>>> print(open('start.txt').read())   # compact mmCIF, C-alpha atoms
# COMPACT_ATOMS: atom_id res chain seq x y z
CA MET A 764 0.00 0.00 0.00
CA THR A 765 2.76 2.38 -0.84
CA SER A 766 2.27 5.15 -3.29
CA ILE A 767 5.82 6.41 -3.45
CA THR A 768 6.99 4.95 -6.73
CA GLY A 769 3.68 5.51 -8.49
CA THR A 770 2.80 9.03 -7.54
CA ARG A 771 5.81 11.03 -6.45
CA PRO A 772 6.84 12.60 -9.74
CA GLY A 773 5.20 16.03 -10.18
CA GLY A 774 1.67 17.20 -10.72
CA ARG A 775 -1.46 17.27 -8.64
CA SER A 776 -0.93 13.79 -7.29
CA ALA A 777 2.48 14.73 -5.90
CA ARG A 778 1.09 17.92 -4.35
CA ILE A 779 -1.63 15.95 -2.58
CA GLN A 780 0.91 13.45 -1.32
CA GLN A 781 3.11 16.26 0.00
CA ALA A 782 0.18 18.00 1.70
CA VAL A 783 -0.99 14.79 3.36
CA HIS A 784 2.53 13.87 4.49
CA ASP A 785 3.08 17.36 5.93
CA ALA A 786 -0.28 17.36 7.70
CA THR A 787 0.48 13.93 9.18
CA LYS A 788 3.86 15.02 10.50
CA GLU A 789 2.44 18.24 11.95
CA LEU A 790 -0.44 16.47 13.68
CA LEU A 791 1.85 13.72 14.96
CA ALA A 792 3.96 16.40 16.59
CA ALA A 793 0.94 18.35 17.86
CA VAL A 794 -1.44 15.69 19.17
CA GLY A 795 0.54 12.45 19.08
CA ARG A 796 -0.22 9.17 17.42
CA ASP A 797 -3.06 8.05 19.68
CA GLU A 798 -5.20 11.07 18.80
CA LEU A 799 -4.42 10.97 15.10
CA THR A 800 -7.31 10.32 12.69
CA ILE A 801 -7.63 10.35 8.93
CA PRO A 802 -10.43 12.99 8.97
CA ALA A 803 -8.21 15.32 11.03
CA ILE A 804 -5.32 14.82 8.62
CA ALA A 805 -7.62 15.45 5.66
CA THR A 806 -8.91 18.71 7.15
CA ARG A 807 -5.41 19.98 7.81
CA ALA A 808 -4.17 18.95 4.37
CA GLY A 809 -7.22 20.48 2.67
CA VAL A 810 -8.23 17.27 0.93
CA ASN A 811 -11.25 15.01 1.12
CA PRO A 812 -10.88 12.07 3.56
CA THR A 813 -11.90 9.68 0.77
CA THR A 814 -8.81 10.79 -1.16
CA ILE A 815 -6.68 9.52 1.71
CA TYR A 816 -8.62 6.29 2.13
CA ARG A 817 -8.42 5.63 -1.59
CA ARG A 818 -4.72 6.25 -1.84
CA TRP A 819 -3.44 4.77 1.43
CA GLY A 820 -6.20 2.45 2.63
CA ASP A 821 -5.81 3.05 6.34
CA LEU A 822 -3.95 5.09 8.94
CA ALA A 823 -1.28 2.44 9.57
CA ALA A 824 -0.38 2.35 5.87
CA LEU A 825 -0.23 6.17 5.71
CA LEU A 826 2.00 6.30 8.81
CA SER A 827 4.25 3.64 7.32
CA ASP A 828 4.54 5.68 4.13
CA VAL A 829 5.35 8.89 6.02
CA ALA A 830 7.92 7.08 8.17
CA ALA A 831 9.59 5.52 5.12
CA ASP A 832 9.92 8.98 3.63
CA ARG A 833 11.95 10.15 6.62
CA PHE A 834 14.65 7.66 5.66
CA ARG A 835 15.28 9.40 2.38
CA GLN A 836 18.72 10.95 2.36
CA ALA A 837 18.81 14.30 0.69
CA ASP A 838 22.56 14.57 0.30
CA PRO A 839 25.04 12.15 -1.27
CA PRO A 840 27.39 10.48 1.24
CA VAL A 841 30.33 12.60 2.40
CA GLU A 842 33.41 12.21 0.18
CA THR A 843 36.72 11.92 2.06
CA GLY A 844 38.96 10.42 -0.61
CA SER A 845 39.19 7.10 1.29
CA LEU A 846 36.89 4.08 0.91
CA GLU A 847 37.17 3.19 4.58
CA ARG A 848 36.53 6.74 5.76
CA ASP A 849 33.57 7.20 3.39
CA LEU A 850 31.95 4.00 4.69
CA THR A 851 32.79 4.81 8.30
CA THR A 852 31.40 8.34 8.08
CA TRP A 853 28.20 7.19 6.41
CA SER A 854 27.61 4.30 8.83
CA GLU A 855 28.26 6.40 11.95
CA GLN A 856 25.71 8.93 10.62
CA PHE A 857 23.29 6.11 9.89
CA LEU A 858 23.56 4.93 13.50
CA GLU A 859 23.07 8.47 14.74
CA GLU A 860 19.92 8.98 12.67
CA MET A 861 18.36 5.56 13.19
CA GLY A 862 19.44 5.02 16.79
CA SER A 863 17.69 8.05 18.22
CA GLY A 864 14.28 7.61 19.87
CA PRO A 865 12.28 8.83 16.86
CA GLY A 866 14.49 6.82 14.48
CA ARG A 867 13.62 3.58 16.24
CA SER A 868 9.90 4.35 16.25
CA TYR A 869 9.96 5.36 12.57
CA ILE A 870 11.38 1.93 11.79
CA ALA A 871 8.68 0.26 13.91
CA GLU A 872 6.00 2.29 12.11
CA VAL A 873 7.38 1.43 8.70
CA LEU A 874 7.21 -2.27 9.56
CA ALA A 875 3.85 -2.16 11.34
CA GLY A 876 1.76 -0.64 8.54
CA ASP A 877 3.49 -2.50 5.81
CA SER A 878 2.10 -5.96 5.23
CA THR A 879 3.66 -6.18 1.77
CA GLY A 880 7.16 -5.09 2.77
CA ASP A 881 7.12 -2.29 0.17
CA ASN A 882 7.91 0.57 2.52
CA ALA A 883 10.58 -1.38 4.37
CA GLY A 884 12.07 -2.13 0.98
CA ILE A 885 12.17 1.59 0.21
CA CYS A 886 14.09 2.26 3.43
CA ALA A 887 16.53 -0.48 2.52
CA ARG A 888 16.92 0.96 -0.96
CA TYR A 889 17.93 4.37 0.40
CA ALA A 890 20.74 2.70 2.36
CA ALA A 891 21.77 0.56 -0.62
CA GLU A 892 21.91 3.64 -2.86
CA ALA A 893 24.22 5.49 -0.49
CA ILE A 894 26.53 2.49 -0.20
CA SER A 895 26.50 1.97 -3.94
CA THR A 896 27.52 5.60 -4.47
CA ILE A 897 30.46 5.11 -2.11
CA VAL A 898 31.82 1.83 -3.49
CA GLN A 899 31.56 3.14 -7.07
CA ARG A 900 34.04 5.86 -6.15
CA PHE A 901 36.74 3.21 -5.63
CA PRO A 902 36.46 0.61 -8.42
CA HIS A 903 40.27 0.17 -8.45
CA LEU A 904 40.25 -1.04 -4.84
CA GLY A 905 37.99 -4.04 -5.48
CA PRO A 906 35.50 -2.67 -2.95
CA PRO A 907 33.03 -4.92 -1.12
CA LYS A 908 29.72 -5.62 -2.83
CA VAL A 909 26.75 -3.52 -1.72
CA ASP A 910 25.08 -6.66 -0.31
CA GLU A 911 28.11 -7.40 1.83
CA VAL A 912 27.99 -3.92 3.35
CA LEU A 913 24.25 -4.33 3.96
CA ASP A 914 24.73 -7.75 5.60
CA HIS A 915 27.76 -6.98 7.73
CA VAL A 916 27.52 -3.25 8.54
CA VAL A 917 23.92 -2.03 8.09
CA ALA A 918 22.21 -5.21 9.37
CA PRO A 919 24.15 -5.44 12.68
CA ILE A 920 23.53 -1.73 13.35
CA LEU A 921 19.78 -2.09 12.77
CA TYR A 922 19.68 -5.34 14.75
CA ARG A 923 21.17 -3.66 17.78
CA ILE A 924 18.91 -0.62 17.46
CA LEU A 925 15.76 -2.71 17.14
CA PHE A 926 16.42 -5.72 19.34
CA THR A 927 18.62 -4.58 22.18
CA SER A 928 17.60 -1.93 24.65
CA GLU A 929 21.02 -0.30 24.63
CA ARG A 930 21.84 1.87 21.66
CA PRO A 931 25.14 0.73 20.17
CA ALA A 932 28.11 2.96 20.97
CA THR A 933 29.62 5.44 18.57
CA GLY A 934 32.59 3.62 17.05
CA TYR A 935 30.68 0.35 16.65
CA PRO A 936 29.93 1.05 12.96
CA THR A 937 33.60 1.95 12.49
CA SER A 938 34.66 -1.44 13.83
CA LEU A 939 32.18 -3.23 11.55
CA VAL A 940 33.58 -1.40 8.51
CA ALA A 941 37.16 -2.19 9.55
CA ARG A 942 36.29 -5.85 9.98
CA LEU A 943 34.63 -6.02 6.57
CA LEU A 944 37.48 -4.26 4.76
CA SER A 945 40.19 -6.28 6.47
CA GLY A 946 38.61 -9.30 4.79
CA ALA A 947 39.18 -11.24 7.96
CA ALA A 948 37.08 -11.84 11.01
CA PRO A 949 39.23 -10.67 13.93
CA ARG A 950 38.62 -13.09 16.76
CA MET B 1150 5.41 -2.57 29.25
CA THR B 1151 6.36 -6.20 29.33
CA SER B 1152 5.34 -8.49 32.10
CA ILE B 1153 7.37 -11.51 31.15
CA THR B 1154 10.23 -11.31 33.57
CA GLY B 1155 8.08 -10.15 36.47
CA THR B 1156 5.13 -12.45 36.36
CA ARG B 1157 5.86 -15.62 34.45
CA PRO B 1158 6.97 -17.89 37.27
CA GLY B 1159 4.07 -19.87 38.76
CA GLY B 1160 0.98 -18.94 40.71
CA ARG B 1161 -2.16 -17.02 39.95
CA SER B 1162 -0.34 -14.29 38.07
CA ALA B 1163 1.15 -16.82 35.66
CA ARG B 1164 -2.21 -18.49 35.14
CA ILE B 1165 -3.81 -15.16 34.24
CA GLN B 1166 -0.99 -14.39 31.85
CA GLN B 1167 -1.39 -17.76 30.18
CA ALA B 1168 -5.17 -17.38 29.90
CA VAL B 1169 -4.87 -13.89 28.39
CA HIS B 1170 -2.16 -14.97 25.96
CA ASP B 1171 -4.22 -17.99 24.86
CA ALA B 1172 -7.37 -15.91 24.45
CA THR B 1173 -5.45 -13.34 22.41
CA LYS B 1174 -4.02 -15.97 20.07
CA GLU B 1175 -7.40 -17.67 19.64
CA LEU B 1176 -9.18 -14.41 18.86
CA LEU B 1177 -6.42 -13.29 16.52
CA ALA B 1178 -6.93 -16.49 14.55
CA ALA B 1179 -10.73 -16.26 14.73
CA VAL B 1180 -11.51 -12.58 14.08
CA GLY B 1181 -8.18 -11.05 13.04
CA ARG B 1182 -6.31 -8.11 14.44
CA ASP B 1183 -8.65 -5.35 13.27
CA GLU B 1184 -11.60 -6.73 15.21
CA LEU B 1185 -9.61 -7.50 18.34
CA THR B 1186 -10.51 -5.63 21.53
CA ILE B 1187 -9.39 -5.90 25.13
CA PRO B 1188 -12.96 -6.48 26.44
CA ALA B 1189 -13.36 -9.42 24.01
CA ILE B 1190 -10.03 -10.89 25.10
CA ALA B 1191 -11.01 -10.45 28.76
CA THR B 1192 -14.32 -12.24 28.24
CA ARG B 1193 -12.68 -15.17 26.51
CA ALA B 1194 -9.92 -15.39 29.12
CA GLY B 1195 -12.42 -15.15 31.99
CA VAL B 1196 -10.73 -12.15 33.58
CA ASN B 1197 -11.79 -8.58 34.23
CA PRO B 1198 -10.77 -6.09 31.49
CA THR B 1199 -9.17 -3.88 34.15
CA THR B 1200 -6.78 -6.74 34.93
CA ILE B 1201 -5.55 -6.56 31.35
CA TYR B 1202 -5.34 -2.76 31.28
CA ARG B 1203 -3.46 -2.76 34.57
CA ARG B 1204 -0.95 -5.37 33.51
CA TRP B 1205 -0.38 -4.51 29.86
CA GLY B 1206 -1.60 -0.92 29.47
CA ASP B 1207 -3.02 -1.21 25.97
CA LEU B 1208 -3.72 -3.62 23.15
CA ALA B 1209 -0.49 -2.87 21.28
CA ALA B 1210 1.58 -3.74 24.35
CA LEU B 1211 -0.37 -6.98 24.91
CA LEU B 1212 0.07 -7.98 21.26
CA SER B 1213 3.77 -7.21 21.48
CA ASP B 1214 4.03 -9.42 24.58
CA VAL B 1215 2.14 -12.29 22.92
CA ALA B 1216 4.26 -12.00 19.77
CA ALA B 1217 7.50 -12.02 21.79
CA ASP B 1218 6.36 -15.22 23.46
CA ARG B 1219 6.11 -16.96 20.09
CA PHE B 1220 9.85 -16.56 19.68
CA ARG B 1221 10.56 -18.70 22.70
CA GLN B 1222 12.24 -21.91 21.63
CA ALA B 1223 11.02 -24.90 23.53
CA ASP B 1224 13.83 -27.27 22.56
CA PRO B 1225 17.58 -26.86 22.82
CA PRO B 1226 19.33 -26.53 19.44
CA VAL B 1227 19.91 -29.77 17.54
CA GLU B 1228 23.22 -31.45 18.42
CA THR B 1229 25.15 -32.82 15.46
CA GLY B 1230 28.65 -33.18 16.91
CA SER B 1231 29.98 -30.36 14.70
CA LEU B 1232 30.09 -26.64 15.54
CA GLU B 1233 29.46 -25.63 11.94
CA ARG B 1234 26.57 -28.05 11.49
CA ASP B 1235 24.98 -27.05 14.82
CA LEU B 1236 25.09 -23.36 13.83
CA THR B 1237 23.95 -24.08 10.29
CA THR B 1238 21.02 -26.23 11.40
CA TRP B 1239 19.90 -23.67 13.98
CA SER B 1240 20.18 -20.70 11.62
CA GLU B 1241 18.34 -22.41 8.75
CA GLN B 1242 15.53 -23.22 11.22
CA PHE B 1243 15.58 -19.64 12.43
CA LEU B 1244 15.11 -18.39 8.86
CA GLU B 1245 12.31 -20.87 8.31
CA GLU B 1246 10.44 -19.78 11.44
CA MET B 1247 11.00 -16.03 11.12
CA GLY B 1248 10.79 -15.78 7.35
CA SER B 1249 7.28 -17.12 7.00
CA GLY B 1250 4.38 -14.65 6.70
CA PRO B 1251 3.33 -14.91 10.35
CA GLY B 1252 6.96 -14.75 11.51
CA ARG B 1253 7.47 -11.38 9.81
CA SER B 1254 4.26 -9.95 11.25
CA TYR B 1255 5.12 -11.23 14.75
CA ILE B 1256 8.36 -9.29 14.54
CA ALA B 1257 6.51 -6.18 13.37
CA GLU B 1258 4.04 -6.57 16.26
CA VAL B 1259 6.81 -7.02 18.80
CA LEU B 1260 8.43 -3.79 17.64
CA ALA B 1261 5.21 -1.80 17.23
CA GLY B 1262 3.85 -2.17 20.76
CA ASP B 1263 7.19 -1.94 22.43
CA SER B 1264 8.27 1.61 23.06
CA THR B 1265 10.84 0.51 25.65
CA GLY B 1266 12.44 -2.23 23.55
CA ASP B 1267 11.84 -4.79 26.31
CA ASN B 1268 9.97 -7.31 24.20
CA ALA B 1269 12.34 -7.00 21.28
CA GLY B 1270 15.11 -7.62 23.81
CA ILE B 1271 13.40 -10.81 24.92
CA CYS B 1272 13.27 -12.07 21.32
CA ALA B 1273 16.95 -11.29 20.93
CA ARG B 1274 17.71 -13.09 24.19
CA TYR B 1275 16.06 -16.29 22.97
CA ALA B 1276 18.34 -16.27 19.92
CA ALA B 1277 21.39 -15.45 22.05
CA GLU B 1278 20.60 -18.32 24.43
CA ALA B 1279 20.40 -20.86 21.62
CA ILE B 1280 23.70 -19.65 20.15
CA SER B 1281 25.34 -19.63 23.55
CA THR B 1282 24.26 -23.25 24.09
CA ILE B 1283 25.84 -24.22 20.78
CA VAL B 1284 29.20 -22.47 21.18
CA GLN B 1285 29.58 -23.82 24.73
CA ARG B 1286 29.57 -27.33 23.30
CA PHE B 1287 32.87 -26.60 21.52
CA PRO B 1288 35.13 -24.64 23.88
CA HIS B 1289 38.23 -26.42 22.48
CA LEU B 1290 37.56 -25.00 19.00
CA GLY B 1291 37.80 -21.35 20.05
CA PRO B 1292 34.25 -20.78 18.80
CA PRO B 1293 33.01 -17.33 17.75
CA LYS B 1294 31.57 -15.10 20.45
CA VAL B 1295 27.78 -15.02 20.76
CA ASP B 1296 27.78 -11.35 19.70
CA GLU B 1297 29.67 -12.19 16.52
CA VAL B 1298 27.07 -14.79 15.57
CA LEU B 1299 24.29 -12.30 16.32
CA ASP B 1300 25.96 -9.57 14.23
CA HIS B 1301 27.01 -11.65 11.24
CA VAL B 1302 24.45 -14.48 11.04
CA VAL B 1303 21.26 -13.51 12.90
CA ALA B 1304 21.28 -9.79 11.98
CA PRO B 1305 21.65 -10.31 8.20
CA ILE B 1306 18.87 -12.93 8.24
CA LEU B 1307 16.50 -10.59 10.09
CA TYR B 1308 17.51 -7.63 7.93
CA ARG B 1309 16.58 -9.50 4.78
CA ILE B 1310 13.31 -10.76 6.25
CA LEU B 1311 12.26 -7.32 7.46
CA PHE B 1312 13.63 -4.96 4.84
CA THR B 1313 13.60 -6.80 1.54
CA SER B 1314 10.46 -8.11 -0.06
CA GLU B 1315 12.10 -11.35 -1.11
CA ARG B 1316 12.57 -13.95 1.58
CA PRO B 1317 16.21 -15.05 1.63
CA ALA B 1318 16.85 -18.44 0.07
CA THR B 1319 17.47 -21.61 2.02
CA GLY B 1320 21.25 -21.95 2.14
CA TYR B 1321 21.81 -18.25 2.81
CA PRO B 1322 22.22 -18.85 6.59
CA THR B 1323 24.62 -21.71 5.80
CA SER B 1324 26.80 -19.35 3.76
CA LEU B 1325 26.80 -16.76 6.56
CA VAL B 1326 27.93 -19.41 9.07
CA ALA B 1327 30.66 -20.64 6.71
CA ARG B 1328 31.89 -17.10 6.19
CA LEU B 1329 32.00 -16.43 9.94
CA LEU B 1330 33.80 -19.68 10.76
CA SER B 1331 36.32 -19.33 7.96
CA GLY B 1332 37.44 -16.16 9.71
CA ALA B 1333 37.77 -14.52 6.33
CA ALA B 1334 35.44 -12.51 4.20
CA PRO B 1335 35.34 -14.32 0.86
CA ARG B 1336 35.15 -11.66 -1.80
>>> encode(input="start.txt", output="structure tokens")
Amino acid sequence: MTSITGTRPGGRSARIQQAVHDATKELLAAVGRDELTIPAIATRAGVNPTTIYRRWGDLAALLSDVAADRFRQADPPVETGSLERDLTTWSEQFLEEMGSGPGRSYIAEVLAGDSTGDNAGICARYAAEAISTIVQRFPHLGPPKVDEVLDHVVAPILYRILFTSERPATGYPTSLVARLLSGAAPR
Amino acid sequence: MTSITGTRPGGRSARIQQAVHDATKELLAAVGRDELTIPAIATRAGVNPTTIYRRWGDLAALLSDVAADRFRQADPPVETGSLERDLTTWSEQFLEEMGSGPGRSYIAEVLAGDSTGDNAGICARYAAEAISTIVQRFPHLGPPKVDEVLDHVVAPILYRILFTSERPATGYPTSLVARLLSGAAPR
């Protein structure tokens, strides 16, 4: 029940999506999730409630869509001239963004309203795109594959954010990157 | 808002917990999540609704608690005589259980009703206990640390289940275990 790929590019449809997303974020901040309703969002966005029901289906799917959108990274990953530093900088930022209180609940919202996995897939794609940009800067180094970085850097960071009550320490992503690039599991 | 550690062991409190969990699972199967209410669960469990509100707070927290309980593994991990085969067998089973449709939505439920991370922590602990049991069988082999298995076998499996729309293939956990035990990242 995602509308991102189908409706984002330009026009009236995109304007409605933007207005509904903005209204949802504003109301979430103002009244909180428990008080949030589709009619209230519609009023604030200046659209008919049926427009929202038709496009998103229900509130959980809309919240999942809005949460997925927060994962979008506006800027390309920082360029340092070094593969290891590029990956380290990006993954430490990723931990900082995802590991905060709101980050963790955005992830939970993405997953909760997302029976098809589409929105979660969009979040994953944003991460994969950033990593792909980085490794393509260093073709001569035989960089790791994007999937390897996802499996052995991104996945452990998300696992610790989601499934352990302690947020992983700064420096943990750095050690995961070092381990991956050393090509050996330091034991 | 979990009650597992505090109230599971024996007595009236445990019986109430069991009755409420059972009633929740039965009603989930019978009427589905959208029709589920705390008064209906209370009626079926033969307890007062206030008992449920007092112990769990709200429906999301109760569902998170019930979902976390499904992760509990009744049996110790299969013993094959080989560290690699023990880990491989356990992790392929883990993928099979978590990667099915209900497995994915249990995980989403655990995370959604779990603002403190307690229930997600319980799920993670079940996995850590199984891995700990396995590595302790082979102290003479210098087995990997439990955290390493979580980071480089369990985390990638969960990442792919949660964030990609394709369920990882059978054999993927086996390759993660082989990579970890080889001590080298095959590239």
>>> atom_distance(input="start.txt", atom1="CA of Ser1324 in chain B", atom2="CA of Ala1273 in chain B")
21.4 Å
>>> residues_near_point(input="start.txt", point="(29.9, 10.5, 2.4)", cutoff="12 Å", atoms="all atoms listed in the file", output="VMD selection string")
chain A and resid 836 to 857 892 to 898 900
>>> interface_residues(input="start.txt", of="chain B", to="chain A", cutoff="6 Å", atoms="all atoms listed in the file", output="list in words")
Ala1257, Leu1260, Ala1261, Gly1266, Ala1269, Gly1270, Ala1273, Asp1300, His1301, Ala1304, Pro1305, Tyr1308, Phe1312, Thr1313, Ser1314, Gly1332, Ala1333 and Ala1334 of chain B
>>> closest_residue(input="start.txt", among="A:Met861, A:Leu904, A:Asp797, A:Gly866", to="Asp1207 in chain B", atoms="all atoms listed in the file")
A:Asp797
>>> closest_residue(input="start.txt", among="B:Ala1189, B:Thr1199, B:His1170, B:Ser1249", to="Ala1216 in chain B", atoms="all atoms listed in the file")
B:His1170
>>> atom_distance(input="start.txt", atom1="CA of Ala805 in chain A", atom2="CA of Ala793 in chain A")
15.2 Å
>>> atom_distance(input="start.txt", atom1="CA of Ala1327 in chain B", atom2="CA of Gly862 in chain A")
29.8 Å
>>> build_atoms(input="start.txt", residues="range 1257-1269 of chain B", atoms="N, CA and C atoms", output="JSON list (two decimals), in the coordinates of the input")
[["chain", "number", "residue", "atom", "x", "y", "z"],
["B", 1257, "ALA", "N", 7.04, -7.54, 13.48],
["B", 1257, "ALA", "CA", 6.51, -6.18, 13.37],
["B", 1257, "ALA", "C", 5.66, -5.84, 14.60],
["B", 1258, "GLU", "N", 4.88, -6.82, 15.08],
["B", 1258, "GLU", "CA", 4.04, -6.57, 16.26],
["B", 1258, "GLU", "C", 4.88, -6.35, 17.52],
["B", 1259, "VAL", "N", 5.92, -7.18, 17.64],
["B", 1259, "VAL", "CA", 6.81, -7.02, 18.80],
["B", 1259, "VAL", "C", 7.35, -5.60, 18.83],
["B", 1260, "LEU", "N", 7.81, -5.11, 17.68],
["B", 1260, "LEU", "CA", 8.43, -3.79, 17.64],
["B", 1260, "LEU", "C", 7.40, -2.68, 17.81],
["B", 1261, "ALA", "N", 6.18, -2.87, 17.24],
["B", 1261, "ALA", "CA", 5.21, -1.80, 17.23],
["B", 1261, "ALA", "C", 4.69, -1.45, 18.62],
["B", 1262, "GLY", "N", 4.46, -2.45, 19.46],
["B", 1262, "GLY", "CA", 3.85, -2.17, 20.76],
["B", 1262, "GLY", "C", 4.86, -2.07, 21.88],
["B", 1263, "ASP", "N", 6.07, -1.70, 21.52],
["B", 1263, "ASP", "CA", 7.19, -1.94, 22.43],
["B", 1263, "ASP", "C", 8.08, -0.72, 22.49],
["B", 1264, "SER", "N", 7.52, 0.36, 23.07],
["B", 1264, "SER", "CA", 8.27, 1.61, 23.06],
["B", 1264, "SER", "C", 9.57, 1.52, 23.85],
["B", 1265, "THR", "N", 9.63, 0.61, 24.81],
["B", 1265, "THR", "CA", 10.84, 0.51, 25.65],
["B", 1265, "THR", "C", 11.89, -0.41, 25.05],
["B", 1266, "GLY", "N", 11.50, -1.25, 24.09],
["B", 1266, "GLY", "CA", 12.44, -2.23, 23.55],
["B", 1266, "GLY", "C", 12.53, -3.50, 24.38],
["B", 1267, "ASP", "N", 11.74, -3.61, 25.45],
["B", 1267, "ASP", "CA", 11.84, -4.79, 26.31],
["B", 1267, "ASP", "C", 11.49, -6.08, 25.59],
["B", 1268, "ASN", "N", 10.38, -6.07, 24.86],
["B", 1268, "ASN", "CA", 9.97, -7.31, 24.20],
["B", 1268, "ASN", "C", 10.91, -7.70, 23.08],
["B", 1269, "ALA", "N", 11.37, -6.71, 22.33],
["B", 1269, "ALA", "CA", 12.34, -7.00, 21.28],
["B", 1269, "ALA", "C", 13.59, -7.59, 21.92]]
